[in-house]
Amino acid sequence: MTVAMSGAPTGRRRVAWLASVLIGAVALAACGDGKGGTPRPTDPRQILVNAIGATAALPTLRLHAEVVANIGGLVGQGNGAVTMGFDADVDLATRQFAGRSTTQMPQNLGGNGVAFQQVSDIIVTTTATFNRDSQTGRWQKFPMGMGGGLGGGPTNAQIATMIANLASNPSITFELLDAASCTLGTCDHVLAHIDGQTLAAGLGPLLGVPLDQASQQQIPSFNVDVLVDQATSVVSELRTEISMQGTSARILVSVSNPGQPVQIAPPPAALTDDFGANFQNIGGGAIGPVETTILEEVGNELETEEPAFPEPSAPAP
């Protein structure tokens, strides 16, 4: 596992990781059709198969992700826990988001024996990716073709179909556990037992990059806990833990504000260094840091209309 530290490649690698997190969240973040009068399914496999299509159809959501990756076994260190967090407003229909990532490195991996925290504001539009330098307050723009934007590739509906086919494979099994309170109200609780080799076979078409045999063999089997709101059929939360090649990771993804309007726009041009148009004069000017955070003010150029969407269920008593 490689953790990027700084510079233009850092932004591109971080966006690639965040995009992977988003794709995983979108693939598992809803269930059922949410129509009144339709009985909710009781078969856990059917619950999650229905979930995929409903998630892909969501116009917007707010995403929270946490990853605790212990790479001590990989680097020969006792304390190798790297903590990563991500919060974003996501426009699924146009594949845009604005958010903030935080990476916490332990003392023995932070360089010079000092632990440190790195915070990055990120905006992804249909044409470019913007990363903000936390020290200068300036933004780095990477246009399409240089790691910018999330356009192209399979559509949301095509991704949903591929994940639904994967979830329908009998090698992946499911358990329906007791209902529980969740971020959206009262949730069905599904435990998915993921077969590593079945997942490996399905990752190539999903990611658009075929995996060689050696890479497929390295993917282990693991379990995923999924909470699905009973009223809206949207998955509120998923949790998993996976270990491979001397590393382990605990992952949490939660969803809130499904279907609520979001605003996503590029940062001010005066604060932006365009890495596609001009590699000269980067970082010039004496402009101080932006006072508001991305999640407080993400712009006003793109605003979705508030759709008709079922209200979340009431919290469990």
# chains A, B, ... in the order shown; residues from 1 in each chain; ligands from 1

$ residues_around --residues "stretch 197-199 of chain A" --least-positions-apart "5" --cutoff "7 Å" --atoms "only C-alpha atoms" --output "MDAnalysis selection string"
chainID A and resid 171 216:217 219

$ residues_around --residues "A:Ile122" --least-positions-apart "2" --cutoff "6 Å" --atoms "only C-alpha atoms" --output "JSON, numbers by chain"
{"A": [98, 99, 100, 130, 131]}

$ closest_atom_pairs --of "stretch 157-246 of chain A" --to "stretch 42-50 of chain A" --cutoff "6 Å" --atoms "only C-alpha atoms" --output "Markdown table"
| residue | atom | partner | partner_atom | distance |
| --- | --- | --- | --- | --- |
| A:Ala164 | CA | A:Val49 | CA | 5.2 |
| A:Phe174 | CA | A:Pro44 | CA | 5.9 |
| A:Leu176 | CA | A:Pro44 | CA | 5.3 |

$ write_last_selection --atoms "C-alpha atoms" --output "mmCIF file, in the first residue's frame"
data_model
loop_
_atom_site.group_PDB
_atom_site.id
_atom_site.type_symbol
_atom_site.label_atom_id
_atom_site.label_comp_id
_atom_site.auth_asym_id
_atom_site.auth_seq_id
_atom_site.Cartn_x
_atom_site.Cartn_y
_atom_site.Cartn_z
ATOM 1 C CA ALA A 164 -26.437 -7.048 -9.260
ATOM 2 C CA PHE A 174 -26.272 -13.618 2.764
ATOM 3 C CA LEU A 176 -30.758 -11.427 7.382
#

$ residues_around --residues "A:Lys141" --least-positions-apart "6" --cutoff "9 Å" --atoms "only C-alpha atoms" --output "PyMOL selection string"
chain A and resi 128-132+148+272-276
